[in-house]
$ cat my_file_19.cif   # mmCIF, C-alpha atoms
data_my_file
#
loop_
_atom_site.label_atom_id
_atom_site.label_comp_id
_atom_site.auth_asym_id
_atom_site.auth_seq_id
_atom_site.Cartn_x
_atom_site.Cartn_y
_atom_site.Cartn_z
CA MET L 1 -111.31 -62.21 91.13
CA PHE L 2 -114.84 -61.11 90.46
CA GLU L 3 -118.31 -62.57 90.91
CA ASN L 4 -120.33 -63.61 87.86
CA LYS L 5 -123.69 -61.84 88.20
CA GLU L 6 -126.26 -63.89 86.34
CA LYS L 7 -130.03 -64.05 86.41
CA ALA L 8 -131.32 -66.21 89.24
CA ALA L 9 -133.23 -69.32 88.27
CA GLN L 10 -136.05 -68.42 90.65
CA PRO L 11 -136.12 -64.90 92.17
CA GLU L 12 -137.60 -64.22 95.59
CA PHE L 13 -141.39 -64.23 95.54
CA TRP L 14 -141.65 -61.70 98.38
CA VAL L 15 -139.11 -59.28 99.84
CA ALA L 16 -139.72 -57.11 102.90
CA ALA L 17 -139.49 -53.37 102.23
CA GLN L 18 -136.86 -52.88 104.93
CA GLN L 19 -134.62 -55.39 103.13
CA LEU L 20 -134.54 -53.38 99.90
CA PRO L 21 -131.26 -51.55 99.17
CA ARG L 22 -131.28 -47.84 99.90
CA SER L 23 -130.05 -45.38 97.32
CA PRO L 24 -127.76 -42.48 98.31
CA LYS L 25 -129.82 -39.45 99.24
CA SER L 26 -129.95 -36.84 96.48
CA THR L 27 -128.64 -33.64 98.04
CA PHE L 28 -130.17 -31.49 95.30
CA TYR L 29 -133.74 -32.82 95.56
CA ALA L 30 -133.58 -32.96 99.35
CA LYS L 31 -132.54 -29.30 99.47
CA LEU L 32 -135.17 -28.37 96.88
CA ASP L 33 -137.85 -30.11 98.95
CA GLU L 34 -136.74 -28.27 102.09
CA THR L 35 -136.93 -24.96 100.23
CA LEU L 36 -140.43 -25.69 98.92
CA GLU L 37 -141.60 -26.65 102.40
CA SER L 38 -140.08 -23.50 103.91
CA PHE L 39 -142.70 -21.29 102.23
CA GLY L 40 -145.60 -23.75 102.35
CA PHE L 41 -145.54 -24.56 98.64
CA ALA L 42 -147.67 -27.72 98.86
CA ALA L 43 -150.46 -26.27 100.99
CA LYS L 44 -150.68 -23.07 98.93
CA VAL L 45 -150.73 -24.92 95.61
CA ARG L 46 -153.48 -27.28 96.77
CA GLN L 47 -155.55 -24.33 97.94
CA ILE L 48 -155.16 -22.63 94.55
CA CYS L 49 -156.10 -25.82 92.66
CA THR L 50 -159.11 -26.77 94.79
CA SER L 51 -161.60 -25.07 92.46
CA ALA L 52 -160.47 -27.29 89.55
CA TYR L 53 -161.47 -30.51 91.34
CA LYS L 54 -164.89 -31.80 92.31
CA GLN L 55 -165.46 -31.95 96.05
CA THR L 56 -168.18 -34.63 96.00
CA GLY L 57 -166.00 -37.32 97.57
CA THR L 58 -167.07 -39.90 94.99
CA GLY L 59 -164.96 -41.47 92.29
CA ARG L 60 -161.22 -42.01 92.10
CA PRO L 61 -159.15 -39.16 93.61
CA GLY L 62 -157.12 -37.14 91.15
CA ILE L 63 -153.33 -36.86 91.14
CA ASP L 64 -151.98 -34.35 93.65
CA PRO L 65 -151.21 -31.14 91.69
CA VAL L 66 -148.11 -30.71 93.87
CA VAL L 67 -146.77 -34.00 92.48
CA TYR L 68 -147.47 -32.81 88.94
CA LEU L 69 -145.61 -29.54 89.46
CA LYS L 70 -142.67 -31.31 91.10
CA MET L 71 -142.44 -33.64 88.10
CA ILE L 72 -142.33 -30.58 85.83
CA MET L 73 -139.43 -29.30 87.95
CA VAL L 74 -137.62 -32.61 87.47
CA GLY L 75 -138.08 -32.27 83.72
CA PHE L 76 -136.60 -28.78 83.75
CA PHE L 77 -133.60 -29.46 85.98
CA GLU L 78 -132.67 -32.69 84.19
CA ASP L 79 -133.39 -31.25 80.73
CA LEU L 80 -135.76 -34.08 79.81
CA PRO L 81 -137.17 -33.63 76.29
CA SER L 82 -140.69 -35.00 76.78
CA GLU L 83 -143.42 -35.74 79.29
CA ARG L 84 -142.89 -39.44 78.62
CA GLY L 85 -139.24 -39.01 79.59
CA ILE L 86 -140.18 -37.14 82.76
CA ALA L 87 -142.61 -39.90 83.81
CA ALA L 88 -140.03 -42.61 83.13
CA ARG L 89 -137.32 -40.82 85.10
CA CYS L 90 -139.61 -40.26 88.10
CA ALA L 91 -140.70 -43.90 88.11
CA ASP L 92 -137.13 -45.18 87.90
CA SER L 93 -135.39 -43.03 90.53
CA MET L 94 -135.62 -43.77 94.24
CA SER L 95 -134.45 -40.28 95.20
CA ILE L 96 -137.05 -38.60 92.97
CA ARG L 97 -139.73 -40.92 94.35
CA ALA L 98 -138.83 -39.61 97.80
CA PHE L 99 -139.04 -36.04 96.45
CA LEU L 100 -142.56 -36.82 95.16
CA ASN L 101 -143.51 -38.64 98.40
CA TYR L 102 -144.11 -41.91 96.55
CA ALA L 103 -143.28 -45.26 98.17
CA LEU L 104 -141.48 -48.00 96.22
CA ASP L 105 -144.68 -50.01 95.84
CA GLU L 106 -146.68 -47.02 94.47
CA LYS L 107 -147.06 -46.33 90.76
CA THR L 108 -145.98 -42.82 89.83
CA PRO L 109 -148.16 -40.79 87.42
CA ASP L 110 -148.12 -41.84 83.77
CA HIS L 111 -147.16 -39.32 81.08
CA SER L 112 -150.76 -39.34 79.79
CA SER L 113 -151.83 -37.74 83.09
CA PHE L 114 -149.91 -34.58 82.23
CA THR L 115 -152.37 -33.60 79.49
CA VAL L 116 -155.39 -34.27 81.72
CA ILE L 117 -154.00 -32.17 84.58
CA ARG L 118 -152.86 -29.36 82.28
CA GLN L 119 -156.34 -29.06 80.78
CA ARG L 120 -157.98 -29.28 84.19
CA LEU L 121 -156.02 -26.49 85.84
CA GLY L 122 -156.44 -23.80 83.19
CA LEU L 123 -154.60 -20.54 82.57
CA ASP L 124 -155.86 -18.64 85.62
CA ILE L 125 -154.63 -21.28 88.06
CA TYR L 126 -151.28 -21.51 86.29
CA GLU L 127 -150.81 -17.74 86.57
CA ARG L 128 -151.58 -17.85 90.31
CA ILE L 129 -149.05 -20.66 90.79
CA PHE L 130 -146.49 -18.69 88.79
CA THR L 131 -147.07 -15.66 91.02
CA LEU L 132 -146.63 -17.84 94.11
CA THR L 133 -143.36 -19.20 92.74
CA LEU L 134 -142.06 -15.76 91.89
CA GLN L 135 -142.88 -14.48 95.38
CA ALA L 136 -140.93 -17.39 96.86
CA LEU L 137 -137.95 -16.66 94.60
CA ARG L 138 -138.00 -13.04 95.68
CA GLU L 139 -138.13 -13.97 99.37
CA HIS L 140 -135.08 -16.19 98.88
CA GLY L 141 -133.14 -13.42 97.16
CA LEU L 142 -133.18 -15.12 93.77
CA LEU L 143 -135.29 -12.51 92.01
CA ARG L 144 -134.58 -8.81 91.87
CA GLY L 145 -136.00 -5.83 90.01
CA LYS L 146 -139.46 -4.55 89.23
CA ILE L 147 -140.26 -6.81 86.26
CA TRP L 148 -140.98 -10.40 87.19
CA GLY L 149 -140.66 -13.33 84.84
CA LEU L 150 -140.82 -17.08 85.01
CA ILE L 151 -138.68 -19.64 83.24
CA LEU L 152 -140.86 -21.85 81.07
CA ARG L 153 -140.18 -24.52 78.50
CA SER L 154 -141.16 -22.97 75.22
CA SER L 155 -143.27 -24.28 72.36
CA LYS L 156 -142.22 -27.34 70.36
CA PRO L 157 -140.54 -25.47 67.47
CA MET L 158 -138.43 -23.48 69.92
CA ARG L 159 -137.78 -26.59 72.01
CA ARG L 160 -136.24 -28.33 69.03
CA CYS L 161 -133.82 -25.42 68.81
CA GLY L 162 -132.84 -26.02 72.43
CA ARG L 163 -133.99 -22.58 73.59
CA TRP L 164 -135.88 -21.42 76.64
CA CYS L 165 -137.96 -18.32 77.16
CA ILE L 166 -139.02 -15.90 79.87
CA ALA L 167 -142.78 -15.55 80.29
CA ILE L 168 -144.52 -12.51 81.73
CA PRO L 169 -148.24 -12.22 82.52
CA ARG L 170 -150.19 -12.28 79.26
CA SER L 171 -152.09 -9.06 80.03
CA GLN L 172 -148.87 -7.11 80.53
CA TYR L 173 -147.34 -8.42 77.31
CA TRP L 174 -150.50 -7.65 75.31
CA ASP L 175 -150.60 -4.09 76.64
CA TYR L 176 -146.95 -3.69 75.67
CA VAL L 177 -147.57 -4.94 72.11
CA LYS L 178 -150.62 -2.66 71.74
CA ARG L 179 -148.50 0.36 72.64
CA LEU L 180 -145.90 -0.64 70.05
CA ALA L 181 -148.61 -1.15 67.43
CA GLU L 182 -150.17 2.25 68.16
CA ALA L 183 -146.76 3.91 67.82
CA SER L 184 -146.48 2.26 64.40
CA GLY L 185 -149.82 3.67 63.24
CA ILE L 186 -151.95 0.56 63.90
CA ASP L 187 -155.27 0.72 65.70
CA PRO L 188 -154.55 -0.88 69.13
CA GLU L 189 -158.19 -2.00 69.39
CA ASP L 190 -157.94 -4.08 66.21
CA ALA L 191 -156.86 -7.38 67.78
CA ALA L 192 -156.19 -9.14 64.46
CA ALA L 193 -154.01 -6.29 63.22
CA VAL L 194 -152.09 -6.15 66.51
CA ARG L 195 -151.43 -9.91 66.44
CA LYS L 196 -150.19 -9.67 62.85
CA PHE L 197 -147.95 -6.77 63.85
CA ASP L 198 -146.59 -8.76 66.81
CA ARG L 199 -145.69 -11.73 64.60
CA HIS L 200 -143.60 -9.63 62.24
CA ARG L 201 -142.50 -6.62 64.27
CA PRO L 202 -138.79 -5.73 63.98
CA GLY L 203 -136.49 -6.37 66.90
CA LYS L 204 -138.66 -9.09 68.42
CA GLY L 205 -135.74 -11.55 68.50
CA SER L 206 -135.55 -15.21 67.60
CA ASN L 207 -134.06 -18.47 68.74
CA GLN L 208 -131.09 -17.93 66.42
CA GLU L 209 -130.04 -14.61 67.99
CA TRP L 210 -131.19 -14.76 71.61
CA VAL L 211 -129.57 -16.67 74.46
CA ASN L 212 -130.16 -15.97 78.15
CA ARG L 213 -127.03 -16.62 80.19
CA THR L 214 -128.93 -16.69 83.47
CA ILE L 215 -131.17 -19.55 82.30
CA ARG L 216 -128.17 -21.42 80.96
CA THR L 217 -126.50 -21.05 84.38
CA LEU L 218 -129.60 -22.27 86.20
CA LYS L 219 -129.83 -25.33 83.94
CA SER L 220 -126.16 -26.15 84.44
CA ALA L 221 -126.63 -25.88 88.21
CA GLY L 222 -129.25 -28.63 88.21
CA PRO L 223 -128.75 -32.21 89.42
CA LYS L 224 -127.31 -33.51 86.14
CA THR L 225 -123.83 -33.51 87.64
CA ALA L 226 -125.00 -35.42 90.70
CA GLN L 227 -125.12 -39.18 90.86
CA ARG L 228 -128.34 -40.53 89.37
CA THR L 229 -130.08 -43.02 91.59
#
$ encode --input "my_file_19.cif" --output "structure tokens"
Amino acid sequence: MFENKEKAAQPEFWVAAQQLPRSPKSTFYAKLDETLESFGFAAKVRQICTSAYKQTGTGRPGIDPVVYLKMIMVGFFEDLPSERGIAARCADSMSIRAFLNYALDEKTPDHSSFTVIRQRLGLDIYERIFTLTLQALREHGLLRGKIWGLILRSSKPMRRCGRWCIAIPRSQYWDYVKRLAEASGIDPEDAAAVRKFDRHRPGKGSNQEWVNRTIRTLKSAGPKTAQRT
């Protein structure tokens, strides 16, 4: 025999927080949080981002940049297709709320906040955060070699193809393209000509012919196989 679960005529007006059901702890996000804390991720990120926020003490405080970056991680590991989807998933999951340090009665950031924060931080801050992340990966034995890269969700056209890309510092890439252009008889100081060369240079690769097995493995190792809570 089973119990018919129907909508109550009059739900409880007030329920104590300690009476709310607890979801099973997400092993993946708990371990990820421990790893981030082990190299002081939160404190270092906040220090890097301080210059992007006014220190007057007036007005409504901005969203913690650590929360924003953690939400981006959730989007990557769960292969969520949009910022709206990331925001909805974070608001709905108890285990992810714990990962973000948000209580059940707190409203998690809306998807519209992503654009505001992204514009506020700027390229220089992003590059410093990327460097911090890469250093942490190297300390944990997850990054080897002399050339460092960072996994990033690519632009919208590439995203529709389901591909991902490896990003290197922009200055290093530009120097590399200038050397290729010079070898092809193009003035490396002519920025417009170098950009045109880069768009059409042979052997650059495309979404149709390039797949990175390492990234595919990392994505498959995410929490998608774990129980969603």
$ atom_distance --input "my_file_19.cif" --atom1 "atom CA of L:Glu127" --atom2 "atom CA of L:Lys107"
29.1 Å
$ atom_distance --input "my_file_19.cif" --atom1 "atom CA of L:Thr131" --atom2 "atom CA of L:Ala87"
25.7 Å
$ atom_distance --input "my_file_19.cif" --atom1 "atom CA of L:Ile129" --atom2 "atom CA of L:Glu34"
18.4 Å
$ closest_residue --input "my_file_19.cif" --among "L:Ala16, L:Leu104, L:Val67, L:Ala193" --to "L:Asp92" --atoms "all atoms listed in the file"
L:Leu104
$ closest_residue --input "my_file_19.cif" --among "L:Val194, L:Ser82, L:Pro202, L:Tyr29" --to "L:Glu182" --atoms "all atoms listed in the file"
L:Val194
$ resolve_selection --input "my_file_19.cif" --expression "the PyMOL selection byres ((chain L and resi 174) around 12)" --output "ChimeraX atom specification"
/L:168-173,175-181,188-189,191,194-195,197-198
$ resolve_selection --input "my_file_19.cif" --expression "the PyMOL selection byres ((chain L and resi 99) around 9)" --output "list in words"
Tyr29, Ala30, Leu32, Asp33, Val67, Lys70, Met94, Ser95, Ile96, Arg97, Ala98, Leu100, Asn101 and Tyr102 of chain L
$ write_last_selection --input "my_file_19.cif" --atoms "C-alpha atoms" --output "CSV table (one decimal), keeping the file's coordinate frame"
chain,number,residue,atom,x,y,z
L,29,TYR,CA,-133.7,-32.8,95.6
L,30,ALA,CA,-133.6,-33.0,99.4
L,32,LEU,CA,-135.2,-28.4,96.9
L,33,ASP,CA,-137.8,-30.1,99.0
L,67,VAL,CA,-146.8,-34.0,92.5
L,70,LYS,CA,-142.7,-31.3,91.1
L,94,MET,CA,-135.6,-43.8,94.2
L,95,SER,CA,-134.4,-40.3,95.2
L,96,ILE,CA,-137.0,-38.6,93.0
L,97,ARG,CA,-139.7,-40.9,94.4
L,98,ALA,CA,-138.8,-39.6,97.8
L,100,LEU,CA,-142.6,-36.8,95.2
L,101,ASN,CA,-143.5,-38.6,98.4
L,102,TYR,CA,-144.1,-41.9,96.6
$ residues_near_point --input "my_file_19.cif" --point "(-153.2, -29.6, 97.3)" --cutoff "10 Å" --atoms "all atoms listed in the file" --output "ChimeraX atom specification"
/L:41-50,63-67
$ residues_around --input "my_file_19.cif" --residues "L:His111" --least-positions-apart "3" --cutoff "12 Å" --atoms "all atoms listed in the file" --output "list in words"
Tyr68, Met71, Ile72, Gly75, Ser82, Glu83, Arg84, Gly85, Ile86, Ala87, Ala88, Arg89, Cys90, Ala91, Lys107, Thr108, Phe114, Thr115, Val116, Ile117 and Arg118 of chain L
$ closest_residue --input "my_file_19.cif" --among "L:Lys196, L:Ser184, L:Ser112, L:Ala136" --to "L:Gly40" --atoms "only C-alpha atoms"
L:Ala136
$ build_atoms --input "my_file_19.cif" --residues "stretch 56-89 of chain L" --atoms "N, CA and C atoms" --output "PDB file, in the coordinates of the input"
ATOM      1  N   THR L  56    -167.060 -33.755  95.645  1.00  0.00           N
ATOM      2  CA  THR L  56    -168.180 -34.630  96.000  1.00  0.00           C
ATOM      3  C   THR L  56    -167.743 -35.809  96.861  1.00  0.00           C
ATOM      4  N   GLY L  57    -166.474 -36.189  96.787  1.00  0.00           N
ATOM      5  CA  GLY L  57    -166.000 -37.320  97.570  1.00  0.00           C
ATOM      6  C   GLY L  57    -166.257 -38.650  96.908  1.00  0.00           C
ATOM      7  N   THR L  58    -166.812 -38.655  95.707  1.00  0.00           N
ATOM      8  CA  THR L  58    -167.070 -39.900  94.990  1.00  0.00           C
ATOM      9  C   THR L  58    -166.085 -40.024  93.832  1.00  0.00           C
ATOM     10  N   GLY L  59    -165.866 -41.243  93.400  1.00  0.00           N
ATOM     11  CA  GLY L  59    -164.960 -41.470  92.290  1.00  0.00           C
ATOM     12  C   GLY L  59    -163.514 -41.570  92.744  1.00  0.00           C
ATOM     13  N   ARG L  60    -162.638 -41.850  91.803  1.00  0.00           N
ATOM     14  CA  ARG L  60    -161.220 -42.010  92.100  1.00  0.00           C
ATOM     15  C   ARG L  60    -160.567 -40.638  92.297  1.00  0.00           C
ATOM     16  N   PRO L  61    -159.800 -40.454  93.387  1.00  0.00           N
ATOM     17  CA  PRO L  61    -159.150 -39.160  93.610  1.00  0.00           C
ATOM     18  C   PRO L  61    -158.163 -38.831  92.493  1.00  0.00           C
ATOM     19  N   GLY L  62    -158.060 -37.562  92.170  1.00  0.00           N
ATOM     20  CA  GLY L  62    -157.120 -37.140  91.150  1.00  0.00           C
ATOM     21  C   GLY L  62    -155.691 -37.105  91.672  1.00  0.00           C
ATOM     22  N   ILE L  63    -154.738 -36.951  90.772  1.00  0.00           N
ATOM     23  CA  ILE L  63    -153.330 -36.860  91.140  1.00  0.00           C
ATOM     24  C   ILE L  63    -153.085 -35.520  91.836  1.00  0.00           C
ATOM     25  N   ASP L  64    -152.318 -35.555  92.897  1.00  0.00           N
ATOM     26  CA  ASP L  64    -151.980 -34.350  93.650  1.00  0.00           C
ATOM     27  C   ASP L  64    -151.305 -33.345  92.707  1.00  0.00           C
ATOM     28  N   PRO L  65    -151.848 -32.125  92.573  1.00  0.00           N
ATOM     29  CA  PRO L  65    -151.210 -31.140  91.690  1.00  0.00           C
ATOM     30  C   PRO L  65    -149.794 -30.792  92.111  1.00  0.00           C
ATOM     31  N   VAL L  66    -149.477 -30.953  93.402  1.00  0.00           N
ATOM     32  CA  VAL L  66    -148.110 -30.710  93.870  1.00  0.00           C
ATOM     33  C   VAL L  66    -147.152 -31.708  93.230  1.00  0.00           C
ATOM     34  N   VAL L  67    -147.595 -32.968  93.119  1.00  0.00           N
ATOM     35  CA  VAL L  67    -146.770 -34.000  92.480  1.00  0.00           C
ATOM     36  C   VAL L  67    -146.543 -33.640  91.017  1.00  0.00           C
ATOM     37  N   TYR L  68    -147.589 -33.207  90.350  1.00  0.00           N
ATOM     38  CA  TYR L  68    -147.470 -32.810  88.940  1.00  0.00           C
ATOM     39  C   TYR L  68    -146.449 -31.699  88.755  1.00  0.00           C
ATOM     40  N   LEU L  69    -146.516 -30.666  89.587  1.00  0.00           N
ATOM     41  CA  LEU L  69    -145.610 -29.540  89.460  1.00  0.00           C
ATOM     42  C   LEU L  69    -144.167 -29.939  89.794  1.00  0.00           C
ATOM     43  N   LYS L  70    -144.012 -30.831  90.769  1.00  0.00           N
ATOM     44  CA  LYS L  70    -142.670 -31.310  91.100  1.00  0.00           C
ATOM     45  C   LYS L  70    -142.079 -32.111  89.933  1.00  0.00           C
ATOM     46  N   MET L  71    -142.921 -32.879  89.255  1.00  0.00           N
ATOM     47  CA  MET L  71    -142.440 -33.640  88.100  1.00  0.00           C
ATOM     48  C   MET L  71    -142.008 -32.691  86.978  1.00  0.00           C
ATOM     49  N   ILE L  72    -142.726 -31.579  86.817  1.00  0.00           N
ATOM     50  CA  ILE L  72    -142.330 -30.580  85.830  1.00  0.00           C
ATOM     51  C   ILE L  72    -140.964 -30.003  86.199  1.00  0.00           C
ATOM     52  N   MET L  73    -140.734 -29.795  87.492  1.00  0.00           N
ATOM     53  CA  MET L  73    -139.430 -29.300  87.950  1.00  0.00           C
ATOM     54  C   MET L  73    -138.321 -30.299  87.596  1.00  0.00           C
ATOM     55  N   VAL L  74    -138.600 -31.577  87.809  1.00  0.00           N
ATOM     56  CA  VAL L  74    -137.620 -32.610  87.470  1.00  0.00           C
ATOM     57  C   VAL L  74    -137.281 -32.535  85.980  1.00  0.00           C
ATOM     58  N   GLY L  75    -138.301 -32.374  85.156  1.00  0.00           N
ATOM     59  CA  GLY L  75    -138.080 -32.270  83.720  1.00  0.00           C
ATOM     60  C   GLY L  75    -137.211 -31.089  83.347  1.00  0.00           C
ATOM     61  N   PHE L  76    -137.409 -29.965  84.046  1.00  0.00           N
ATOM     62  CA  PHE L  76    -136.600 -28.780  83.750  1.00  0.00           C
ATOM     63  C   PHE L  76    -135.156 -28.967  84.192  1.00  0.00           C
ATOM     64  N   PHE L  77    -134.953 -29.376  85.442  1.00  0.00           N
ATOM     65  CA  PHE L  77    -133.600 -29.460  85.980  1.00  0.00           C
ATOM     66  C   PHE L  77    -132.767 -30.561  85.322  1.00  0.00           C
ATOM     67  N   GLU L  78    -133.423 -31.603  84.837  1.00  0.00           N
ATOM     68  CA  GLU L  78    -132.670 -32.690  84.190  1.00  0.00           C
ATOM     69  C   GLU L  78    -132.744 -32.599  82.665  1.00  0.00           C
ATOM     70  N   ASP L  79    -133.340 -31.517  82.168  1.00  0.00           N
ATOM     71  CA  ASP L  79    -133.390 -31.250  80.730  1.00  0.00           C
ATOM     72  C   ASP L  79    -133.988 -32.439  79.960  1.00  0.00           C
ATOM     73  N   LEU L  80    -135.096 -32.945  80.458  1.00  0.00           N
ATOM     74  CA  LEU L  80    -135.760 -34.080  79.810  1.00  0.00           C
ATOM     75  C   LEU L  80    -136.618 -33.566  78.662  1.00  0.00           C
ATOM     76  N   PRO L  81    -136.557 -34.195  77.498  1.00  0.00           N
ATOM     77  CA  PRO L  81    -137.170 -33.630  76.290  1.00  0.00           C
ATOM     78  C   PRO L  81    -138.661 -33.840  76.151  1.00  0.00           C
ATOM     79  N   SER L  82    -139.277 -34.694  76.978  1.00  0.00           N
ATOM     80  CA  SER L  82    -140.690 -35.000  76.780  1.00  0.00           C
ATOM     81  C   SER L  82    -141.344 -35.379  78.094  1.00  0.00           C
ATOM     82  N   GLU L  83    -142.670 -35.318  78.106  1.00  0.00           N
ATOM     83  CA  GLU L  83    -143.420 -35.740  79.290  1.00  0.00           C
ATOM     84  C   GLU L  83    -143.258 -37.233  79.537  1.00  0.00           C
ATOM     85  N   ARG L  84    -143.133 -38.001  78.476  1.00  0.00           N
ATOM     86  CA  ARG L  84    -142.890 -39.440  78.620  1.00  0.00           C
ATOM     87  C   ARG L  84    -141.551 -39.686  79.330  1.00  0.00           C
ATOM     88  N   GLY L  85    -140.540 -38.884  78.952  1.00  0.00           N
ATOM     89  CA  GLY L  85    -139.240 -39.010  79.590  1.00  0.00           C
ATOM     90  C   GLY L  85    -139.274 -38.607  81.049  1.00  0.00           C
ATOM     91  N   ILE L  86    -140.043 -37.574  81.367  1.00  0.00           N
ATOM     92  CA  ILE L  86    -140.180 -37.140  82.760  1.00  0.00           C
ATOM     93  C   ILE L  86    -140.823 -38.250  83.595  1.00  0.00           C
ATOM     94  N   ALA L  87    -141.904 -38.834  83.083  1.00  0.00           N
ATOM     95  CA  ALA L  87    -142.610 -39.900  83.810  1.00  0.00           C
ATOM     96  C   ALA L  87    -141.701 -41.104  84.031  1.00  0.00           C
ATOM     97  N   ALA L  88    -140.926 -41.463  83.011  1.00  0.00           N
ATOM     98  CA  ALA L  88    -140.030 -42.610  83.130  1.00  0.00           C
ATOM     99  C   ALA L  88    -138.940 -42.356  84.151  1.00  0.00           C
ATOM    100  N   ARG L  89    -138.383 -41.166  84.154  1.00  0.00           N
ATOM    101  CA  ARG L  89    -137.320 -40.820  85.100  1.00  0.00           C
ATOM    102  C   ARG L  89    -137.836 -40.835  86.532  1.00  0.00           C
TER     103      ARG L  89
END
